[in-house]
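Enquirer: Mind having a look at this structure? Questions to follow.
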Amino acid sequence: MNTLQEISKVLLSSKKIGITYHVSPDGDAVGSALALLNGLKFLNKDAYLISKDIISENLQFLKSSSEANGKVIKPLSETDVVVVVDCGNFERISAELKEFKGSIINIDHHISNDKYGKFNYVDINAAATAEIVFELLNIMGINFDKVNEDLYEIGTCLYTSLVTDTGGFRHSNVTSRTHKIASKLKEIGVNNTYIYQSLFDNNSFEKIRLIGKSINNMELLLDRKVSLIKIPKSYGEELNIEIGDTSDIISFGLQIKGVEVSVLIKETENGSKASLRSKNEIDVRKIAEKLGGGGHVKAAGITMNGLNLEEAKDKILEQIEKELL
Ligand SMILES: [Mn+2]
C-alpha cells in the first residue's frame with residue numbers, strides 16, 4: 001500500500017490525468033470522482049473523466065457530471081495516470097484500461113480490493129471513498145477553509161458521497177471523521193438540503209410506481225427474517241421506465257421489524273442481478289462471495305448470469321439460511 005502523500009506527489013507531477021470509477025456508478029463513485037476531477041482542475045491540472053456509464057439523473061446536479069457522455073471510455077493519448085475510485089476489482093472499472101501503458105492509482109474503501117493499481121490506497125474504515133479523496137485534496141493543497149465557488153462545488157460532490165454511502169449518516173460505517181468532514185463542508189456553505197432534495201426528492205412518477213409494484217410482490221421468508229423483492233424486466237415495459245438504480249427499493253425491506261436481510265433480484269439480459277443488505281450482524285458480503293459476488297458486510301451484490309429470478313432466489317436463500325443458523 002502507498003501513502004496519500006505518495007499519491008499526491010504522483011498526481012501533482014502528472015500532466016494528463018484520467019479519472020474513473022466502478023460500473024453502474026453510485027453516489028460515492030460519482031461524488032468521489034467528480035470531487036477529485038474538479039479539485040485537480042482547480043489546481044490547474046489537465047484532468048478528465050473516463051466513463052462507460054452515463055451518470056444517473058439524480059447525480060447530474062454535480063459539477064462536471066456531463067463529462068460522462070459515453071464518448072470517453074478509455075484513456076486519451078498522452079495520459080500519464082488514471083485514478084480509479086471506489087472500485088474493488090479491475091474487471092468492474094467503467095473504463096477500458098487493458099491497453100493503458102501509464103500508471104493506475106486505485107483509491108477505495110472496499111474490503112475486497114484486488115490492489116490492481118501501480119499505486120494503491122485502500123482504507124476500509126472510510127465510510128465513503130470521498131473521505132479518502134477529501135484527505136488527498138487537503139494533502140494536495142486544497143484546504144476547505146474559505147467560502148468560494150470552486151470549493152463549494154468540490155464540497156458538494158464530497159458531501160453527496162457521504163450522504164449516499166452512509167444512508168444519510170445512518171449506517172454503522174459512519175465515524176466521527178465522517179461527521180467532521182461533513183461539518184467542514186457545511187462551514188464552507190455546502191447546502192445539505194439542496195443535496196438531499198436533488199438526490200432523493202427528485203423521482204419521476206413512473207419510478208414511484210415501480211417502487212409500489214416492487215413492494216407489492218415482496219415476500220417475507222425464513223421465519224420472516226428475510227425480505228425478498230423480484231423485479232422482472234416486464235415491470236420496466238409496463239411502467240415505461242428504465243429500471244436503473246434500485247438501491248432505494250431494497251432498503252424498504254430492512255424497514256420491516258424483525259427483518260435481518262433484504263434481497264432484491266433484477267432480471268437482466270443475461271440472467272439475474274442480486275443485491276443484499278443486512279441490518280445487523282449478518283455478513284452479506286460472505287454470502288455474495290460464495291455465489292461469485294462481493295461488496296461490503298452490510299451491502300453486497302451478485303451478478304448471476306444464466307439464472308432466472310426463481311433460480312437466483314433459491315441459490316441466495318440457500319446461502320442465507322446457512323448464515324442465519
Ligand atoms: Mn463507496
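Here's how to read the names in the C-alpha cells: chain A, B, ... by the order shown, residue numbers from 1 in each chain, ligand numbers from 1 in the order shown.
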With only C-alpha atoms as the counted atoms, please give the residues lying no more than 7 Å from stretch 183-189 of chain A, apart from itself and same-chain residues fewer than 3 positions off, as a count of residues only.
Expert: 8
Enquirer: Collect all residues with atoms no farther than 12 Å from ligand 1, counting only C-alpha atoms and all ligand atoms, and output them as a ChimeraX atom specification.
Expert: /A:21-22,24-33,84-88,107-111,113,122-133,158,160-167,173,295-296,299-300
Enquirer: Write down as a ChimeraX atom specification the residues belonging to stretch 42-226 of chain A that are assigned strand (DSSP E) by DSSP computed on the backbone.
Expert: /A:46-49,81-85,103-108,119-122,219-221,226
Enquirer: Which residues of stretch 181-258 of chain A have any atom within 9 Å of an atom in stretch 310-324 of chain A when counting only C-alpha atoms, and what is the closest pair of atoms for each, with the distance in Å to one decimal? Order the rows by chain and rising number and write it as CSV.
Expert:
```
residue,atom,partner,partner_atom,distance
A:Leu221,CA,A:Leu317,CA,8.6
A:Leu222,CA,A:Glu321,CA,7.2
A:Lys225,CA,A:Leu324,CA,8.6
A:Val226,CA,A:Ile320,CA,8.5
A:Leu228,CA,A:Lys313,CA,8.3
A:Lys230,CA,A:Lys313,CA,8.5
```
Enquirer: Near A:Glu238, counting only C-alpha atoms, which residues have an atom at most 12 Å away, once you skip same-chain residues fewer than 6 positions from it, shown as a compact mmCIF listing (two decimals) with N, CA, C and O atoms, in the first residue's frame?
Expert:
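See part-v9.txt below for the written result:
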```
# COMPACT_ATOMS: atom_id res chain seq x y z
N GLU A 206 -43.19 7.59 -12.58
CA GLU A 206 -43.01 6.19 -13.00
C GLU A 206 -42.13 5.43 -12.01
O GLU A 206 -42.37 4.26 -11.72
N LYS A 207 -41.09 6.13 -11.48
CA LYS A 207 -40.21 5.47 -10.51
C LYS A 207 -40.98 5.12 -9.23
O LYS A 207 -40.82 4.03 -8.68
N ARG A 209 -44.08 4.54 -9.01
CA ARG A 209 -44.97 3.41 -9.32
C ARG A 209 -44.20 2.10 -9.38
O ARG A 209 -44.71 1.05 -8.99
N LEU A 210 -42.94 2.17 -9.84
CA LEU A 210 -42.09 0.97 -9.84
C LEU A 210 -41.83 0.51 -8.40
O LEU A 210 -41.87 -0.70 -8.11
N LYS A 213 -45.02 -1.19 -7.18
CA LYS A 213 -45.19 -2.51 -7.79
C LYS A 213 -44.21 -3.52 -7.18
O LYS A 213 -44.56 -4.67 -6.92
N ILE A 231 -37.69 -8.18 -9.43
CA ILE A 231 -38.11 -7.20 -10.44
C ILE A 231 -37.88 -7.78 -11.84
O ILE A 231 -36.75 -7.79 -12.35
N PRO A 232 -38.94 -8.30 -12.46
CA PRO A 232 -38.79 -8.81 -13.83
C PRO A 232 -38.68 -7.64 -14.82
O PRO A 232 -39.12 -6.52 -14.52
```
Enquirer: Return the single residue from A:Lys41, A:Lys257, A:Lys290, A:Lys101 that is closest to A:Met304, with distances computed using only C-alpha atoms.
Expert: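 Once distances to A:Met304 are computed over only C-alpha atoms, the minimum belongs to A:Lys290.
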Enquirer: Could you list, as a list in words, every residue within 10 Å of A:Ile54, counting only C-alpha atoms and ignoring same-chain residues fewer than 2 positions away?
Expert: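 Here the qualifying residues turn out to be Val23, Ser24, Pro25, Ser51, Lys52, Ser56, Glu57, Gln60, Ser65, Ser66, Glu67, Ala68, Asn69, Gly70 and Lys71 of chain A.
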Enquirer: Generate a file of the selected residues that holds C-alpha atoms, formatted as a short mmCIF file (atom, residue, chain, number, x, y, z; two decimals), in the first residue's frame.
Expert:
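The result, written out as part_1.cif:
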```
data_model
loop_
_atom_site.label_atom_id
_atom_site.label_comp_id
_atom_site.auth_asym_id
_atom_site.auth_seq_id
_atom_site.Cartn_x
_atom_site.Cartn_y
_atom_site.Cartn_z
CA VAL A 23 -19.53 0.33 -13.46
CA SER A 24 -23.06 1.49 -12.62
CA PRO A 25 -21.52 4.26 -10.52
CA SER A 51 -16.78 6.59 -18.13
CA LYS A 52 -18.57 3.81 -19.95
CA SER A 56 -27.77 8.74 -13.22
CA GLU A 57 -30.14 11.66 -13.39
CA GLN A 60 -26.39 15.27 -12.61
CA SER A 65 -21.12 15.25 -14.37
CA SER A 66 -21.87 15.98 -18.04
CA GLU A 67 -18.33 14.77 -18.85
CA ALA A 68 -19.75 11.25 -18.61
CA ASN A 69 -21.34 11.41 -22.05
CA GLY A 70 -20.38 7.94 -23.24
CA LYS A 71 -17.68 9.29 -25.57
#
```
Enquirer: Hey, what does DSSP flag as helix (DSSP H, G or I) within stretch 60-128 of chain A? Can you give it to me as a PyMOL selection string?
Expert: chain A and resi 65-67+90-92
Enquirer: What is the atom CA of A:Gln255-atom CA of A:Leu325 distance in Å, reported with one decimal?
Expert: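 One can read the atom CA of A:Gln255 to atom CA of A:Leu325 distance as 22.0 Å.
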Enquirer: Within 7 Å of stretch 241-250 of chain A, counting only C-alpha atoms, which residues show up once you throw out same-chain ones fewer than 2 positions away? Write them as number ranges by chain, please.
Expert: A: 206, 211, 236-237, 239, 252-253, 262-264
Enquirer: Quick one: of A:Ile17, A:Thr303, A:Phe200, A:Ser214, who's nearest to A:Glu289, counting only C-alpha atoms?
Expert: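 Closest candidate: A:Thr303.
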Enquirer: Just how far from atom CA of A:Lys63 is atom CA of A:Asn148, in Å to one decimal?
Expert: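 Calculated distance between atom CA of A:Asn148 and atom CA of A:Lys63 is 14.3 Å.
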Enquirer: Using only C-alpha atoms for the distances, tell me which of A:Gly306, A:Gly18, A:Gly102, A:Gly39 is nearest to A:Gly271.
Expert: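 The answer is A:Gly306, which sits nearest to A:Gly271.
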Enquirer: When you draw a straight line from atom CA of A:Leu309 to atom CA of A:Gly258, how long is it in Å?
Expert: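 One can read the atom CA of A:Leu309 to atom CA of A:Gly258 distance as 24.5 Å.
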